[in-house]
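Reading through the structure tokens given below for one structure.
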Amino acid sequence: MTDILRAIDLSKRFRKTVVLDHLNMSVPEHSVYGLVGPNGAGKTTTIKILMNARQPTEGLTEVFGHDSRKLSPEDFTQIGYVSENQQMPDWMTVEYFMNYLRPFYPGWDAARAENLLRQFELPPDRKIRNLSHGMRMKAALASSLAYRPRLIVLDEPFTGLDALVRDELIEGVLGCADGATILISSHDLSEVESFASHIGYLDRGRLQFSEEMTSLVDRFREIEITLANPSQSSISWPATWLNTEQSAAVVRFVDTQFDPERTIAEVHHLFGNTHQISVNPMPLRAIFVTLAKAGRRAA
Amino acid sequence: MRQVLHIFKKDVRHLWFEIAVAMTVVAAFTFTGARRALWLVDPATNRIAAWTLVMILLPLAWWTLIARVIHDEVLPGDSQFWITRPYSWRSLVGAKALFILAFISLPMLLADGVIVRAYGFPLEGELSGLLWSQVLLAIVFVLPIAALSALTTGFVQLIFAILTPCVIALGVAIVAPELVLGGFLGGSDWVKTYYVFLLISVAASGILVWQYSMRRTAAARSLAVAAGILAVLGMTLIPWSAAFRIQSWLSKRRVDQSLVRVDFDSGSRWLTRAVIEGDDRVRVELPVNITGLPAGMIAKPEGFSVHLQAPDGAMWQADQLPLRIASKMGHKFSLEATVDGAFYRRVKDEPLKVRGSLYMTLLGNRRTVRVPFGDRFVHVPRVGVCSASGGANRQSYFLICSSAFRFPPVLVSYRFIESAKEAVQDVWSSSEPRRAISYSPFPAELGISPVSQDFTFSTVPLPLSEAMVDTVEPLAHIRRNLEIDNLRLGDFEVRPAPVSP
């Protein structure tokens with residue numbers, strides 16, 4: 001699968017503050033990539049650099065296989081970008097805004113634009129400045145989906161929206177995606193976990209992991225061991241085990257590279273005989289909490 | 001081009017109110033400017049106030065329009081919707097330039113044309129001035145504000161960006177005016193002005209292209225600050241001798257000046273003075289004689305540079321600009337140079353070597369044009385149009401000369417003539433040329449009003465018949481060196497008499 005977006009050794013500093021620290025990331029074509037992480041993790045900065053709205057301090061980003069600093073107007077005819085804090089031309093009405101953008105895009109589909117306005121229940125004659133936040137996001141999204149972009153980039157699109165509007169937006173995006181690659185950033189995993197095919201977790205400017213959702217869920221397990229011969233000697237924990245806890249006879253940890261045979265073999269190697277090993281699959285939220293905690297501990 | 005027009009149409013739709021205001025001000029400018037030709041002799045306060053108000057409002061209307069149209073697609077920042085849309089930066093610049101041309105430059109071109117025509121100037125003869133004045137207006141009134149707008153996100157930031165350097169310049173101007181404006185270079189002052197114009201054009205265009213193509217605001221802001229500093233340094237540091245060299249190089253030499261010489265006037269040696277002045281300075285006056293001028297020509301000294309060297313090698317250099325002339329008789333001048341008091345005290349009884357350079361303009365081709373009293377305009381070549389009128393009870397007489405787009409490139413003086421005498425007799429004449437002269441080779445000077453005027457009057461209680469306008473034309477700008485040996489300044493020392501209480 002070709003990568004539509006790539007960040008190669010990307011760093012961004014604002015004076016002494018490091019926002020992105022040698023970030024490497026790729027978004028495969030036709031994927032729905034959820035870039036998640038806490039506030040201030042560097043998600044928006046990454047996206048702005050990808051969109052050539054900001055300049056990197058070091059490293060490179062690529063869109064459609066070429067340097068994003070050289071994104072041309074033709075490239076932007078294939079990109080739909082919506083951001084929570086985007087400044088819109090407030091004086092325009094929704095209809096004028098759509099009509100104004102239309103000549104910029106050779107692939108503008110007037111029927112689809114009309115459908116989107118109807119679907120999002122956008123009042124055509126209302127000025128953008130008079131729209132609610134949710135309506136503004138819908139207008140931005142409608143104007144970014146009407147030309148069937150190859151790449152849809154959504155930066156924190158659901159922030160401040162109620163559940164109903166959020167669902168409407170998701171429905172709108174997925175309904176019009178037509179196989180487009182979607183990059184969506186969010187600080188809330190639950191906003192993207194239902195439809196993302198790939199997930200990247202960014203924390204303090206570093207990508208902690210980036211992979212397909214299915215493989216991520218497969219490789220994380222919460223493991224609890226009841227020891228047959230409790231011992232107090234210090235143990236050198238494998239690097240792939242996180243959140244390790246040990247009481248007299250019970251050991252708990254999260255294995256980030258779970259493989260039934262290898263994990264059990266490692267347990268026996270470290271602890272000898274065991275009374276019981278319980279292996280539990282983890283919900284996505286628990287995986288993120290584990291990673292976030294581990295990341296903070298490491299920092 | 002399609003995108004240029006598309007963005008342009010959007011800007012017109014959005015800024016129709018600002019456009020309407022600007023067009024109203026331009027219309028008021030045209031009306032009052034054209035009417036001004038008629039009421040100058042009898043100026044009423046309210047008309048002058050209206051004209052002044054329009055002259056203030058016009059640049060404000062332009063600046064508002066420029067700022068609004070550029071801020072419609074704000075350049076600094078990363079959150080504007082348009083930066084992730086398929087805008088071509090060239091189309092965006094093109095649309096903004098088209099807007100400024102359509103609603104600032106073109107209306108001003110038409111307004112200036114109407115005003116100049118109302119003054120009686122033939123439009124076809126003033127075409128180069130008309131076009132060049134639009135270029136200058138664009139350089140000074142449009143480009144800097146466009147560049148600053150491209151570096152700011154809104155009106156408040158823009159006003160701050162305009163006011164900050166103004167406040168700094170005002171502060172420096174109060175403390176040390178010469179640091180902000182430098183010295184006035186007389187007819188060659190345009191050299192300094194055009195240096196600033198060139199700097200503004202290059203810096204502002206560079207900032208605009210850079211911002212629109214790359215949006216590197218921090219770097220572009222640094223460029224703006226550097227250009228401001230270079231402008232001030234240039235105004236302060238361009239030596240007048242360099243300005244005269246440029247002037248001399250650019251001027252067509254239309255006269256044989258090979259025989260022209262400047263020498264110390266030893267026959268008038270007694271005119272030499274070393275006047276002790278306050279604050280530890282000595283004013284040295286040196287009589288010089290200019291000889292070898294072709295027939296019918298006069299020399300106008302412009303600047304004087306002098307080195308005084310003592311036998312032990314101690315040296316003092318004085319650059320005198322503006323040139324001060326202690327006395328003048330025909331082609332004999334007594335030139336002044338200021339010398340440091342300490343240097344003077346040390347060398348005053350020693351034989352000094354004096355090496356000087358006098359920069360001067362040779363003027364000739366004297367012409368006189370009669371301007372009869374009456375309301376009609378008389379075309380005065382190289383000046384513009386003049387009209388003369390007799391006031392109430394034939395006791396006061398007026399002469400007004402208007403020049404389009406620039407000061408006359410000639411020296412102008414005026415006379416009134418008494419009608420009763422058979423022979424023409426001057427009853428009043430200006431002893432010195434009346435109007436400021438500019439040696440600029442360009443057809444226009446910077447100014448919002450396309451017409452500059454000079455006004456003179458006579459209250460001699462005699463029946464006057466007409467006025468006369470005399471002009472002489474600069475034909476060459478030259479430099480001549482002079483040398484004086486063994487000059488003991490102490491022999492010519494003069495102490496000003498104490499002022500009695």
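By order of appearance in the structure tokens: chains A, B, ..., then residues from 1 within every chain, and ligands from 1 in the order shown.
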Exercise. Write out as a PyMOL selection string the residues lying within 7 Å of stretch 22-35 of chain A, counting only C-alpha atoms and excluding same-chain residues fewer than 4 positions away.
Key: chain A and resi 1-11+43+179-186+192+196-201+205-207
For those residues, write C-alpha atoms to a file as an mmCIF file, in the first residue's frame.
```
data_model
loop_
_atom_site.group_PDB
_atom_site.id
_atom_site.type_symbol
_atom_site.label_atom_id
_atom_site.label_comp_id
_atom_site.auth_asym_id
_atom_site.auth_seq_id
_atom_site.Cartn_x
_atom_site.Cartn_y
_atom_site.Cartn_z
ATOM 1 C CA MET A 1 0.000 0.000 0.000
ATOM 2 C CA THR A 2 1.379 3.444 -0.939
ATOM 3 C CA ASP A 3 1.823 6.040 1.754
ATOM 4 C CA ILE A 4 -0.127 9.216 1.039
ATOM 5 C CA LEU A 5 1.364 11.149 3.946
ATOM 6 C CA ARG A 6 4.770 10.767 5.531
ATOM 7 C CA ALA A 7 6.701 12.526 8.245
ATOM 8 C CA ILE A 8 10.401 11.765 8.187
ATOM 9 C CA ASP A 9 12.475 12.621 11.229
ATOM 10 C CA LEU A 10 10.243 15.640 11.748
ATOM 11 C CA SER A 11 11.059 18.094 14.513
ATOM 12 C CA LYS A 43 -1.018 16.580 16.588
ATOM 13 C CA GLY A 179 -12.015 5.457 -0.851
ATOM 14 C CA ALA A 180 -10.208 8.683 0.070
ATOM 15 C CA THR A 181 -7.469 8.566 2.648
ATOM 16 C CA ILE A 182 -8.566 10.196 5.886
ATOM 17 C CA LEU A 183 -6.288 11.589 8.562
ATOM 18 C CA ILE A 184 -8.195 12.594 11.644
ATOM 19 C CA SER A 185 -6.676 13.902 14.840
ATOM 20 C CA SER A 186 -8.307 13.805 18.231
ATOM 21 C CA VAL A 192 -12.151 7.784 16.294
ATOM 22 C CA ALA A 196 -10.337 4.300 12.208
ATOM 23 C CA SER A 197 -8.482 1.569 10.368
ATOM 24 C CA HIS A 198 -5.074 2.744 11.612
ATOM 25 C CA ILE A 199 -4.093 4.482 14.754
ATOM 26 C CA GLY A 200 -1.085 6.528 15.795
ATOM 27 C CA TYR A 201 -0.442 7.628 19.334
ATOM 28 C CA GLY A 205 6.089 15.134 20.146
ATOM 29 C CA ARG A 206 6.976 11.469 19.738
ATOM 30 C CA LEU A 207 4.923 8.815 18.023
#
```
Quiz item: Could you write out as a VMD selection string the residues of chain B within 10 Å of chain A, counting only C-alpha atoms?
Solution: chain B and resid 2 to 3 6 to 7 9 to 10 13 to 14 72 to 74 76 to 89 214 to 216
Quiz item: If you run DSSP on the backbone, which residues of stretch 206-281 of chain A are alpha helix (DSSP H), as a VMD selection string?
Solution: chain A and resid 213 to 219 260 to 271
Produce a file of the selected residues containing all heavy atoms, as a compact mmCIF listing (two decimals), in the first residue's frame.
```
# COMPACT_ATOMS: atom_id res chain seq x y z
N MET A 213 -5.45 -0.96 13.55
CA MET A 213 -6.24 -1.17 14.77
C MET A 213 -6.28 -2.65 15.14
O MET A 213 -6.13 -3.01 16.31
CB MET A 213 -7.66 -0.66 14.57
CG MET A 213 -7.78 0.83 14.54
SD MET A 213 -7.71 1.51 16.18
CE MET A 213 -9.45 1.55 16.55
N THR A 214 -6.47 -3.52 14.14
CA THR A 214 -6.63 -4.94 14.44
C THR A 214 -5.36 -5.50 15.07
O THR A 214 -5.41 -6.22 16.07
CB THR A 214 -6.98 -5.73 13.17
OG1 THR A 214 -6.09 -5.32 12.14
CG2 THR A 214 -8.41 -5.49 12.72
N SER A 215 -4.21 -5.15 14.51
CA SER A 215 -2.96 -5.69 15.06
C SER A 215 -2.69 -5.11 16.44
O SER A 215 -2.14 -5.79 17.31
CB SER A 215 -1.80 -5.45 14.10
OG SER A 215 -1.34 -4.14 14.24
N LEU A 216 -3.10 -3.86 16.65
CA LEU A 216 -2.90 -3.23 17.97
C LEU A 216 -3.69 -3.97 19.05
O LEU A 216 -3.15 -4.32 20.11
CB LEU A 216 -3.36 -1.77 17.90
CG LEU A 216 -3.19 -0.95 19.16
CD1 LEU A 216 -1.72 -0.67 19.43
CD2 LEU A 216 -3.94 0.36 19.08
N VAL A 217 -4.94 -4.25 18.73
CA VAL A 217 -5.79 -4.94 19.71
C VAL A 217 -5.27 -6.35 19.94
O VAL A 217 -5.28 -6.87 21.07
CB VAL A 217 -7.26 -4.94 19.23
CG1 VAL A 217 -8.14 -5.78 20.12
CG2 VAL A 217 -7.78 -3.51 19.20
N ASP A 218 -4.73 -6.97 18.87
CA ASP A 218 -4.21 -8.34 18.99
C ASP A 218 -2.97 -8.42 19.88
O ASP A 218 -2.76 -9.42 20.56
CB ASP A 218 -3.86 -8.91 17.61
CG ASP A 218 -5.13 -9.32 16.86
OD1 ASP A 218 -6.20 -9.33 17.50
OD2 ASP A 218 -5.04 -9.59 15.65
N ARG A 219 -2.12 -7.40 19.83
CA ARG A 219 -0.82 -7.57 20.51
C ARG A 219 -0.83 -7.10 21.97
O ARG A 219 0.15 -7.28 22.67
CB ARG A 219 0.30 -6.90 19.71
CG ARG A 219 0.32 -5.41 19.70
CD ARG A 219 1.47 -4.92 18.83
NE ARG A 219 1.45 -3.47 18.70
CZ ARG A 219 2.03 -2.65 19.56
NH1 ARG A 219 2.67 -3.12 20.61
NH2 ARG A 219 1.96 -1.34 19.37
N PRO A 260 1.07 -15.98 22.37
CA PRO A 260 0.76 -16.98 23.40
C PRO A 260 1.97 -17.80 23.79
O PRO A 260 2.31 -17.89 24.98
CB PRO A 260 -0.33 -17.83 22.76
CG PRO A 260 -0.95 -16.97 21.71
CD PRO A 260 0.11 -16.04 21.26
N GLU A 261 2.68 -18.32 22.85
CA GLU A 261 3.79 -19.23 23.19
C GLU A 261 4.95 -18.48 23.82
O GLU A 261 5.48 -18.86 24.86
CB GLU A 261 4.27 -19.96 21.92
CG GLU A 261 3.34 -21.09 21.55
CD GLU A 261 3.77 -21.78 20.25
OE1 GLU A 261 4.95 -21.66 19.88
OE2 GLU A 261 2.88 -22.39 19.63
N ARG A 262 5.34 -17.37 23.18
CA ARG A 262 6.52 -16.65 23.66
C ARG A 262 6.26 -16.05 25.04
O ARG A 262 7.10 -16.12 25.95
CB ARG A 262 6.89 -15.54 22.68
CG ARG A 262 8.24 -14.90 22.93
CD ARG A 262 8.55 -13.84 21.90
NE ARG A 262 7.43 -12.92 21.67
CZ ARG A 262 7.11 -11.93 22.52
NH1 ARG A 262 7.81 -11.75 23.61
NH2 ARG A 262 6.09 -11.15 22.25
N THR A 263 5.06 -15.46 25.24
CA THR A 263 4.75 -14.83 26.52
C THR A 263 4.77 -15.84 27.65
O THR A 263 5.36 -15.60 28.71
CB THR A 263 3.37 -14.13 26.44
OG1 THR A 263 3.40 -13.19 25.38
CG2 THR A 263 3.04 -13.42 27.74
N ILE A 264 4.13 -17.03 27.42
CA ILE A 264 4.08 -18.06 28.47
C ILE A 264 5.50 -18.55 28.78
O ILE A 264 5.89 -18.71 29.94
CB ILE A 264 3.18 -19.24 28.03
CG1 ILE A 264 1.73 -18.75 27.76
CG2 ILE A 264 3.17 -20.38 29.09
CD1 ILE A 264 1.02 -18.11 28.94
N ALA A 265 6.29 -18.72 27.73
CA ALA A 265 7.67 -19.17 27.93
C ALA A 265 8.45 -18.17 28.76
O ALA A 265 9.20 -18.54 29.67
CB ALA A 265 8.34 -19.36 26.56
N GLU A 266 8.24 -16.88 28.49
CA GLU A 266 8.95 -15.83 29.23
C GLU A 266 8.53 -15.82 30.70
O GLU A 266 9.35 -15.66 31.60
CB GLU A 266 8.62 -14.46 28.61
CG GLU A 266 9.77 -13.94 27.78
CD GLU A 266 9.42 -12.63 27.07
OE1 GLU A 266 8.22 -12.25 27.01
OE2 GLU A 266 10.34 -12.00 26.57
N VAL A 267 7.22 -16.03 30.93
CA VAL A 267 6.70 -16.06 32.30
C VAL A 267 7.37 -17.19 33.07
O VAL A 267 7.85 -17.01 34.20
CB VAL A 267 5.16 -16.23 32.30
CG1 VAL A 267 4.65 -16.61 33.69
CG2 VAL A 267 4.49 -14.94 31.84
N HIS A 268 7.41 -18.38 32.46
CA HIS A 268 8.02 -19.53 33.14
C HIS A 268 9.51 -19.30 33.37
O HIS A 268 10.05 -19.66 34.41
CB HIS A 268 7.79 -20.81 32.32
CG HIS A 268 6.35 -21.28 32.44
ND1 HIS A 268 5.73 -21.47 33.64
CD2 HIS A 268 5.42 -21.59 31.49
CE1 HIS A 268 4.46 -21.87 33.45
NE2 HIS A 268 4.26 -21.94 32.13
N HIS A 269 10.14 -18.66 32.43
CA HIS A 269 11.57 -18.39 32.57
C HIS A 269 11.84 -17.46 33.76
O HIS A 269 12.77 -17.66 34.52
CB HIS A 269 12.09 -17.77 31.26
CG HIS A 269 13.49 -17.28 31.36
ND1 HIS A 269 14.57 -18.14 31.43
CD2 HIS A 269 14.01 -16.03 31.43
CE1 HIS A 269 15.68 -17.44 31.53
NE2 HIS A 269 15.36 -16.13 31.53
N LEU A 270 10.95 -16.48 33.94
CA LEU A 270 11.18 -15.49 34.99
C LEU A 270 10.70 -15.96 36.37
O LEU A 270 11.30 -15.65 37.38
CB LEU A 270 10.47 -14.17 34.65
CG LEU A 270 11.17 -13.31 33.61
CD1 LEU A 270 10.26 -12.15 33.21
CD2 LEU A 270 12.47 -12.75 34.17
N PHE A 271 9.57 -16.67 36.38
CA PHE A 271 8.94 -16.98 37.67
C PHE A 271 8.90 -18.47 38.01
O PHE A 271 8.39 -18.84 39.07
CB PHE A 271 7.50 -16.43 37.69
CG PHE A 271 7.44 -14.95 37.44
CD1 PHE A 271 6.99 -14.44 36.23
CD2 PHE A 271 7.86 -14.04 38.43
CE1 PHE A 271 6.94 -13.10 36.01
CE2 PHE A 271 7.80 -12.69 38.20
CZ PHE A 271 7.36 -12.20 36.98
```
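Between atom CA of B:Cys166 and atom CA of B:Leu58 there is a distance of 19.4 Å.
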Quiz prompt | Residues near A:Ala142, cut-off 12 Å, only C-alpha atoms, skip fewer than 3 positions along chain, as a ChimeraX atom specification | solution = /A:80-82,94-95,97-98,101-102,108-122,124,135-139,145-149,152,168-173,175-177
Practice problem: Just the residues within 9 Å of B:Val282, please, counting only C-alpha atoms, with nothing from its chain fewer than 4 positions along; format it as a list in words. | Solution: Ala274, Val275, Ile276, Glu277, Gly278, Ala337, Thr338, Val339, Asp340, Gly341 and Tyr344 of chain B
Practice problem: Rounded to one decimal place, report the atom CA of B:Ile400-atom CA of B:Leu475 distance in Å. | Solution: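 Taking atom CA of B:Ile400 and atom CA of B:Leu475, their separation equals 26.1 Å.
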Quiz item: Got a sec: who's within 8 Å of A:Lys12, counting only C-alpha atoms, leaving out chain neighbours fewer than 5 positions off, as a PyMOL selection string?
Solution: chain A and resi 18-21+56-58
Exercise. With a distance cut-off of 7 Å and only C-alpha atoms, select the neighbouring residues of A:Leu189, excluding the residue or stretch itself and same-chain residues fewer than 4 positions from it, and output the selection as a list in words.
Key: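 Near neighbours after the sequence-gap exclusion: Val36, Glu193 and Arg285 of chain A.
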Exercise. Quote the spacing between atom CA of B:Ser241 and atom CA of B:Glu302 in Å to one decimal place.
Key: 9.9 Å
Self-check item: Distance criterion (only C-alpha atoms): nearest to B:Val369 out of B:Asn46, B:Ser413, B:Gln134, B:Ser389
Solution: B:Ser413
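Distances here use only C-alpha atoms; by that measure, the residue among B:Val12, B:Leu163, B:Ala310, B:Val383 closest to B:Leu489 is B:Ala310.
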